[in-house]
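Chemist: To be precise about what I am sending: the file is called input.cif and holds mmCIF, C-alpha atoms and all ligand atoms.
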```cif
data_query
#
loop_
_atom_site.label_atom_id
_atom_site.label_comp_id
_atom_site.auth_asym_id
_atom_site.auth_seq_id
_atom_site.Cartn_x
_atom_site.Cartn_y
_atom_site.Cartn_z
CA MET H 7 0.00 0.00 0.00
CA PHE H 8 2.86 2.34 0.86
CA ILE H 9 4.64 1.66 -2.48
CA ALA H 10 1.43 2.15 -4.54
CA THR H 11 0.58 5.47 -2.85
CA ARG H 12 4.14 6.67 -3.32
CA SER H 13 4.29 5.98 -7.10
CA VAL H 14 0.97 7.79 -7.67
CA GLU H 15 2.30 10.69 -5.64
CA LEU H 16 5.56 10.87 -7.66
CA SER H 17 3.70 11.07 -10.96
CA LEU H 18 1.65 14.01 -9.57
CA CYS H 19 4.74 16.07 -8.65
CA GLN H 20 4.91 19.27 -10.70
CA THR H 21 7.46 21.49 -8.88
CA THR H 22 10.16 20.66 -6.33
CA ASP H 23 8.24 22.50 -3.54
CA SER H 24 4.85 20.83 -4.09
CA CYS H 25 6.61 17.51 -4.48
CA HIS H 26 8.36 17.95 -1.14
CA THR H 27 5.09 18.89 0.65
CA ARG H 28 3.30 15.87 -0.81
CA GLN H 29 6.15 13.58 0.19
CA VAL H 30 5.89 14.79 3.78
CA VAL H 31 2.09 14.26 3.83
CA VAL H 32 2.35 10.83 2.25
CA GLY H 33 5.11 9.93 4.69
CA LEU H 34 2.93 10.89 7.66
CA VAL H 35 -0.10 8.97 6.35
CA SER H 36 2.04 5.89 5.67
CA PHE H 37 3.56 6.05 9.16
CA HIS H 38 0.06 6.20 10.64
CA VAL H 39 -1.08 3.16 8.60
CA ILE H 40 1.99 1.13 9.58
CA PHE H 41 1.62 2.15 13.26
CA ALA H 42 -2.09 1.24 13.34
CA LYS H 43 -1.38 -2.14 11.69
CA GLY H 44 1.41 -2.78 14.20
CA ARG H 45 -0.97 -2.16 17.09
CA ALA H 46 -3.63 -4.42 15.62
CA LEU H 47 -1.01 -7.13 15.11
CA PHE H 48 0.18 -6.79 18.71
CA SER H 49 -3.38 -7.18 19.96
CA LEU H 50 -3.90 -10.26 17.76
CA LEU H 51 -0.68 -11.83 19.04
CA ALA H 52 -1.70 -11.03 22.59
CA GLN H 53 -5.09 -12.64 22.03
CA ALA H 54 -3.48 -15.74 20.50
CA ASP H 55 -1.35 -16.17 23.65
CA VAL H 56 -4.35 -15.47 25.83
CA VAL H 57 -6.51 -18.06 24.07
CA ALA H 58 -3.77 -20.58 24.82
CA GLY H 59 -4.07 -19.50 28.50
CA ASP H 60 -0.42 -18.47 28.55
CA PHE H 61 -0.32 -15.29 30.65
CA PRO H 62 2.76 -13.45 31.90
CA GLY H 63 3.13 -13.53 35.70
CA ILE H 64 2.23 -16.16 38.31
CA ASP H 65 -1.28 -17.65 38.00
CA GLY H 66 -3.64 -17.44 40.97
CA PHE H 67 -5.29 -20.26 42.94
CA LEU H 68 -8.99 -19.43 42.60
CA GLY H 69 -9.40 -21.14 39.22
CA THR H 70 -10.08 -17.84 37.44
CA ARG H 71 -7.73 -15.88 35.13
CA GLY H 72 -6.50 -13.80 38.10
CA SER H 73 -2.78 -13.67 38.93
CA LEU H 74 -1.50 -14.81 42.33
CA MET H 75 -1.59 -11.32 43.88
CA LEU H 76 -4.95 -10.44 42.31
CA ASP H 77 -6.38 -13.57 43.99
CA VAL H 78 -4.66 -12.79 47.31
CA VAL H 79 -6.05 -9.23 47.42
CA PHE H 80 -9.50 -10.37 46.20
CA LEU H 81 -9.69 -12.85 49.11
CA ALA H 82 -7.97 -10.57 51.65
CA MET H 83 -10.73 -8.00 51.31
CA PHE H 84 -13.25 -10.63 52.51
CA VAL H 85 -11.21 -10.79 55.75
CA ILE H 86 -10.26 -7.12 56.10
CA VAL H 87 -13.80 -5.72 55.78
CA PRO H 88 -15.43 -7.93 58.50
CA VAL H 89 -12.43 -7.50 60.85
CA MET H 90 -12.75 -3.72 60.44
CA GLY H 91 -16.47 -4.05 61.27
CA VAL H 92 -15.66 -6.03 64.44
CA SER H 93 -13.06 -3.43 65.46
CA ILE H 94 -15.60 -0.59 65.06
CA TYR H 95 -18.24 -2.58 66.97
CA LEU H 96 -15.75 -3.16 69.82
CA VAL H 97 -14.95 0.54 70.20
CA LYS H 98 -18.49 1.79 69.70
CA TYR H 99 -20.51 -0.63 71.86
CA ARG H 100 -17.89 -2.21 74.18
CA ARG H 101 -15.49 0.73 74.68
CA ARG H 102 -12.54 -1.59 73.98
CA TYR H 103 -10.25 1.27 72.89
CA GLN H 104 -6.95 -0.60 73.20
CA LEU H 105 -8.22 -3.59 71.25
CA HIS H 106 -9.63 -1.28 68.56
CA LYS H 107 -6.24 0.41 68.26
CA GLN H 108 -4.37 -2.92 68.01
CA ILE H 109 -6.76 -4.35 65.41
CA GLN H 110 -6.62 -1.18 63.27
CA LEU H 111 -2.81 -1.10 63.38
CA ALA H 112 -2.63 -4.81 62.46
CA LEU H 113 -5.05 -4.24 59.57
CA ALA H 114 -2.95 -1.31 58.35
CA ILE H 115 0.22 -3.47 58.34
CA VAL H 116 -1.55 -6.31 56.47
CA LEU H 117 -2.90 -3.82 53.94
CA LEU H 118 0.49 -2.18 53.46
CA VAL H 119 2.20 -5.53 52.77
CA ALA H 120 -0.64 -6.71 50.46
CA VAL H 121 -0.78 -3.46 48.48
CA THR H 122 3.05 -3.35 48.09
CA ALA H 123 3.18 -6.97 46.83
CA PHE H 124 0.20 -6.26 44.58
CA GLU H 125 1.83 -3.19 43.03
CA ILE H 126 5.11 -5.08 42.40
CA ASP H 127 3.08 -7.82 40.68
CA MET H 128 1.03 -5.37 38.57
CA GLN H 129 3.94 -3.11 37.54
CA TRP H 130 6.56 -5.73 36.68
CA MET H 131 5.06 -9.22 36.34
CA THR H 132 1.39 -9.32 35.39
CA LYS H 133 -0.33 -7.60 32.46
CA TRP H 134 -3.92 -7.53 33.72
CA GLU H 135 -5.13 -6.46 30.26
CA LEU H 136 -4.01 -9.78 28.72
CA ARG H 137 -5.76 -11.76 31.46
CA ALA H 138 -8.94 -9.74 30.81
CA VAL H 139 -8.96 -10.24 26.99
CA PRO H 140 -11.20 -13.39 27.05
CA SER H 141 -13.87 -11.52 29.06
CA VAL H 142 -16.96 -10.48 27.09
CA TYR H 143 -16.84 -7.19 29.04
CA PHE H 144 -13.32 -6.27 27.88
CA ASN H 145 -12.09 -4.76 24.62
CA LEU H 146 -8.34 -4.13 24.29
CA GLU H 147 -8.91 -1.43 21.66
CA ARG H 148 -11.28 0.50 23.98
CA LYS H 149 -9.51 -0.34 27.20
CA TRP H 150 -10.87 2.55 29.31
CA SER H 151 -14.39 2.85 27.82
CA CYS H 152 -15.44 -0.83 27.94
CA PRO H 153 -17.21 -2.15 31.11
CA VAL H 154 -13.98 -3.62 32.58
CA GLY H 155 -12.08 -0.33 32.08
CA ILE H 156 -14.91 1.74 33.55
CA SER H 157 -15.16 -0.58 36.56
CA LEU H 158 -11.39 -0.22 37.10
CA ILE H 159 -11.61 3.59 36.96
CA VAL H 160 -14.46 3.56 39.54
CA HIS H 161 -12.42 1.20 41.73
CA LEU H 162 -9.33 3.43 41.55
CA LEU H 163 -11.45 6.49 42.41
CA PHE H 164 -12.14 4.80 45.75
CA ALA H 165 -8.85 2.92 46.28
CA VAL H 166 -6.40 5.81 45.85
CA PRO H 167 -8.09 8.32 48.24
CA THR H 168 -8.69 5.47 50.72
CA ALA H 169 -4.96 4.78 50.99
CA PHE H 170 -4.23 8.43 51.88
CA LEU H 171 -7.25 8.68 54.20
CA TRP H 172 -6.18 5.60 56.18
CA ILE H 173 -2.65 6.95 56.62
CA PHE H 174 -4.11 10.29 57.79
CA VAL H 175 -6.58 8.66 60.25
CA ILE H 176 -3.92 6.39 61.78
CA VAL H 177 -1.20 9.04 62.06
CA GLN H 178 -3.61 11.55 63.65
CA ALA H 179 -5.06 8.95 66.06
CA MET H 180 -1.56 7.89 67.18
CA ARG H 181 -0.56 11.51 67.71
CA LYS H 182 -3.69 12.86 69.39
CA PHE H 183 -5.16 10.09 71.57
CA PRO H 184 -3.61 9.64 75.04
CA ASN H 185 -1.56 6.65 76.18
CA PRO H 186 -3.14 4.55 77.73
CA ILE H 187 -5.78 5.10 75.12
CA GLY H 188 -9.22 6.59 75.76
CA PRO H 189 -11.58 9.27 74.44
CA ASN H 190 -10.48 12.92 74.56
CA GLU H 191 -11.16 16.22 72.78
CA TYR H 192 -9.90 14.66 69.48
CA SER H 193 -12.67 11.98 69.57
CA ARG H 194 -15.23 13.92 67.49
CA GLN H 195 -12.76 14.52 64.67
CA HIS H 196 -11.52 10.91 64.73
CA VAL H 197 -15.08 9.56 64.57
CA PHE H 198 -15.84 11.76 61.53
CA TRP H 199 -12.70 10.91 59.50
CA ALA H 200 -12.58 7.27 60.64
CA ARG H 201 -16.20 6.63 59.59
CA LEU H 202 -15.40 8.11 56.17
CA ALA H 203 -12.23 5.94 55.96
CA ALA H 204 -14.22 2.82 56.87
CA PHE H 205 -16.89 3.61 54.25
CA GLU H 206 -14.21 4.25 51.59
CA MET H 207 -12.54 0.92 52.44
CA LEU H 208 -15.87 -0.90 52.08
CA MET H 209 -16.45 0.75 48.67
CA THR H 210 -12.86 -0.08 47.61
CA ALA H 211 -13.55 -3.74 48.38
CA ILE H 212 -16.93 -3.84 46.61
CA THR H 213 -15.69 -2.06 43.46
CA GLY H 214 -12.56 -4.27 43.47
CA TRP H 215 -14.69 -7.42 43.57
CA VAL H 216 -16.82 -6.09 40.68
CA PHE H 217 -13.70 -5.33 38.57
CA TYR H 218 -12.19 -8.76 39.34
CA THR H 219 -15.40 -10.57 38.38
CA LEU H 220 -15.92 -8.63 35.12
CA ALA H 221 -12.26 -8.93 34.06
CA PHE H 222 -11.13 -12.38 35.20
CA VAL H 223 -14.22 -14.49 35.80
CA ALA H 224 -16.73 -13.47 33.09
C1 LIG J 301 -7.92 3.68 59.63
C2 LIG J 301 -7.97 3.18 60.84
C3 LIG J 301 -9.14 3.39 61.77
C4 LIG J 301 -10.47 3.33 61.52
C5 LIG J 301 -11.14 3.03 60.17
C6 LIG J 301 -11.15 3.61 62.74
C7 LIG J 301 -12.52 3.62 62.88
C8 LIG J 301 -13.17 4.14 63.98
C9 LIG J 301 -14.58 4.45 64.04
C10 LIG J 301 -15.56 4.29 62.86
C11 LIG J 301 -14.84 4.92 65.27
C12 LIG J 301 -16.18 5.46 65.78
C13 LIG J 301 -17.15 4.41 66.19
C14 LIG J 301 -18.47 5.14 66.43
O1 LIG J 301 -18.68 5.63 67.54
O2 LIG J 301 -19.24 5.22 65.48
C15 LIG J 301 -13.60 4.90 66.03
C16 LIG J 301 -13.48 5.29 67.35
C17 LIG J 301 -12.29 5.34 68.02
N1 LIG J 301 -11.05 5.01 67.53
FE1 LIG J 301 -10.64 4.43 65.67
N2 LIG J 301 -10.24 3.82 63.73
C18 LIG J 301 -9.00 3.70 63.18
C19 LIG J 301 -7.79 3.81 63.83
C20 LIG J 301 -7.65 4.12 65.16
C21 LIG J 301 -6.40 4.18 65.85
C22 LIG J 301 -5.02 3.90 65.20
C23 LIG J 301 -6.67 4.52 67.14
C24 LIG J 301 -5.73 4.73 68.28
C25 LIG J 301 -4.51 5.18 68.18
C26 LIG J 301 -8.09 4.68 67.26
C27 LIG J 301 -8.77 5.00 68.39
C28 LIG J 301 -10.12 5.21 68.52
C29 LIG J 301 -10.80 5.67 69.71
C30 LIG J 301 -10.16 6.01 71.04
C31 LIG J 301 -12.16 5.75 69.40
C32 LIG J 301 -13.28 6.17 70.31
C33 LIG J 301 -13.57 7.63 70.13
C34 LIG J 301 -14.67 8.03 71.03
O3 LIG J 301 -15.82 7.53 70.87
O4 LIG J 301 -14.41 8.81 71.93
N3 LIG J 301 -8.67 4.42 66.03
N4 LIG J 301 -12.61 4.42 65.21
#
```
Have the structure of the file written as structure tokens, please.
Modeler:
Amino acid sequence: MFIATRSVELSLCQTTDSCHTRQVVVGLVSFHVIFAKGRALFSLLAQADVVAGDFPGIDGFLGTRGSLMLDVVFLAMFVIVPVMGVSIYLVKYRRRYQLHKQIQLALAIVLLVAVTAFEIDMQWMTKWELRAVPSVYFNLERKWSCPVGISLIVHLLFAVPTAFLWIFVIVQAMRKFPNPIGPNEYSRQHVFWARLAAFEMLMTAITGWVFYTLAFVA
């Protein structure tokens, strides 16, 4: 196609200037065609690998297309959310302040380790897009406007602020509550921000489960 377009273009050249301009335009169009074909080829190759079930990264254990860390985080949220609920119940109805503090700090450490391992997996080992290709809800060419992409954007809109909110709530609580722990003048502020943090964490889990199901189960 490139050669055919070029020979037509050469026969149309009248002056050196117009010829030069046309060569530049034809060059740009040809580059675009080659680039687009290259991308389509890449996606076909990716799909061929994917159909064979041969994904980069370590496969998970849930029998879906999820990677090891995707499966770990998917399951971990089923533990983290109820434990957080128990911790809030203990402080609200039983006034077990010390236990609430210990549980929240333990949860924060578990989350930090899980999120770090997850990020290492996602950035360097697993290409989630390739694992999502067989899903009827995913289209590699419209990665961010297909249902899987939209569900990931919604999930990230909760997950990213939640990470910062949790750090803020924990750092402030450690700084402002007395030792041994108990209510003080900071309580009202902690209750406000901590309830928001707990709600955000719940939404992070729910939207994460939706993304996982659409991308790696469907
Ligand atoms: C992100 C982590 C945390 C979350 C999500 C969280 C959640 C909550 C929630 C929702 C409440 C209010 C319960 C209610 O009355 O409705 C609460 C109360 C409380 N939290 Fe936390 N908490 C966290 C971390 C901490 C830490 C690290 C400490 C201690 C250093 C702490 C100490 C307290 C205390 C003392 C209260 C009772 C406040 C009062 O009623 O006077 N929290 N927490």
Chemist: Please identify every residue of chain H that has at least one atom no farther than 8 Å from an atom of ligand LIG 301 (chain J), counting all atoms listed in the file, and for each give the shortest atom pair and the distance in Å to one decimal, arranged by chain then increasing number, as a tab-separated table.
Modeler:
```
residue	atom	partner	partner_atom	distance
H:Met90	CA	J:LIG301	C5	6.9
H:Ser93	CA	J:LIG301	C7	7.5
H:Ile94	CA	J:LIG301	C9	5.2
H:Tyr95	CA	J:LIG301	C13	7.1
H:Val97	CA	J:LIG301	C16	5.7
H:Lys98	CA	J:LIG301	O1	4.4
H:Tyr99	CA	J:LIG301	O1	7.8
H:Arg101	CA	J:LIG301	C32	7.3
H:Tyr103	CA	J:LIG301	C30	5.1
H:Gln104	CA	J:LIG301	C24	7.4
H:His106	CA	J:LIG301	C26	6.3
H:Lys107	CA	J:LIG301	C23	4.3
H:Gln108	CA	J:LIG301	C22	7.4
H:Gln110	CA	J:LIG301	C19	5.2
H:Leu111	CA	J:LIG301	C22	5.8
H:Ala114	CA	J:LIG301	C1	7.2
H:Leu171	CA	J:LIG301	C1	7.4
H:Trp172	CA	J:LIG301	C1	4.3
H:Ile173	CA	J:LIG301	C1	6.9
H:Phe174	CA	J:LIG301	C1	7.8
H:Val175	CA	J:LIG301	C1	5.2
H:Ile176	CA	J:LIG301	C22	4.4
H:Val177	CA	J:LIG301	C22	7.1
H:Gln178	CA	J:LIG301	C25	7.9
H:Ala179	CA	J:LIG301	C25	4.4
H:Met180	CA	J:LIG301	C25	4.1
H:Arg181	CA	J:LIG301	C25	7.5
H:Lys182	CA	J:LIG301	C25	7.8
H:Phe183	CA	J:LIG301	C25	6.0
H:Ile187	CA	J:LIG301	C30	6.1
H:Gly188	CA	J:LIG301	C30	4.8
H:Pro189	CA	J:LIG301	O4	3.8
H:Asn190	CA	J:LIG301	O4	6.3
H:Tyr192	CA	J:LIG301	O4	7.8
H:Ser193	CA	J:LIG301	O4	4.3
H:Arg194	CA	J:LIG301	O4	6.8
H:His196	CA	J:LIG301	C15	6.5
H:Val197	CA	J:LIG301	C12	4.4
H:Phe198	CA	J:LIG301	C10	7.6
H:Trp199	CA	J:LIG301	C10	8.0
H:Ala200	CA	J:LIG301	C7	4.3
H:Arg201	CA	J:LIG301	C10	4.1
H:Leu202	CA	J:LIG301	C10	7.7
H:Ala203	CA	J:LIG301	C5	5.2
H:Ala204	CA	J:LIG301	C5	4.5
```
Chemist: Within 9 Å of region 64-66 of chain H, counting only C-alpha atoms, which residues show up once you throw out same-chain ones fewer than 6 positions away? Write them as number ranges by chain, please.
Modeler: H: 72-78, 127, 131-132
Chemist: Please compute the CA of Tyr143 (chain H)-CA of Pro167 (chain H) distance, one decimal, in Å.
Modeler: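 Going from CA of Tyr143 (chain H) over to CA of Pro167 (chain H), I get 26.2 Å.
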Chemist: Hey, which of H:Leu158, H:Val166, H:Met83, H:Leu105 ends up closest to Val216 (chain H)? Count all atoms listed in the file.
Modeler: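 Closest to Val216 (chain H) of all the choices is H:Leu158.
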Chemist: May I ask which of the residues H:Val87, H:Arg102, H:Ala82, H:Phe205 is the closest one to Val116 (chain H), counting all atoms listed in the file?
Modeler: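 Of H:Val87, H:Arg102, H:Ala82, H:Phe205, the one nearest Val116 (chain H) is H:Ala82, counting all atoms listed in the file.
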Chemist: So that I can check the surroundings of Leu208 (chain H), please list as a PyMOL selection string every protein, DNA and RNA residue that reaches within 12 Å of it, counting all atoms listed in the file and ignoring chain neighbours fewer than 6 positions away.
Modeler: chain H and resi 83-91+161+164-165+168+201-202+214-215
Chemist: Write the residues you've just listed into a file as a PDB file, keeping the file's coordinate frame, and include C-alpha atoms for each of them.
Modeler:
```pdb
ATOM      1  CA  MET H  83     -10.730  -8.000  51.310  1.00  0.00           C
ATOM      2  CA  PHE H  84     -13.250 -10.630  52.510  1.00  0.00           C
ATOM      3  CA  VAL H  85     -11.210 -10.790  55.750  1.00  0.00           C
ATOM      4  CA  ILE H  86     -10.260  -7.120  56.100  1.00  0.00           C
ATOM      5  CA  VAL H  87     -13.800  -5.720  55.780  1.00  0.00           C
ATOM      6  CA  PRO H  88     -15.430  -7.930  58.500  1.00  0.00           C
ATOM      7  CA  VAL H  89     -12.430  -7.500  60.850  1.00  0.00           C
ATOM      8  CA  MET H  90     -12.750  -3.720  60.440  1.00  0.00           C
ATOM      9  CA  GLY H  91     -16.470  -4.050  61.270  1.00  0.00           C
ATOM     10  CA  HIS H 161     -12.420   1.200  41.730  1.00  0.00           C
ATOM     11  CA  PHE H 164     -12.140   4.800  45.750  1.00  0.00           C
ATOM     12  CA  ALA H 165      -8.850   2.920  46.280  1.00  0.00           C
ATOM     13  CA  THR H 168      -8.690   5.470  50.720  1.00  0.00           C
ATOM     14  CA  ARG H 201     -16.200   6.630  59.590  1.00  0.00           C
ATOM     15  CA  LEU H 202     -15.400   8.110  56.170  1.00  0.00           C
ATOM     16  CA  GLY H 214     -12.560  -4.270  43.470  1.00  0.00           C
ATOM     17  CA  TRP H 215     -14.690  -7.420  43.570  1.00  0.00           C
TER      18      TRP H 215
END
```
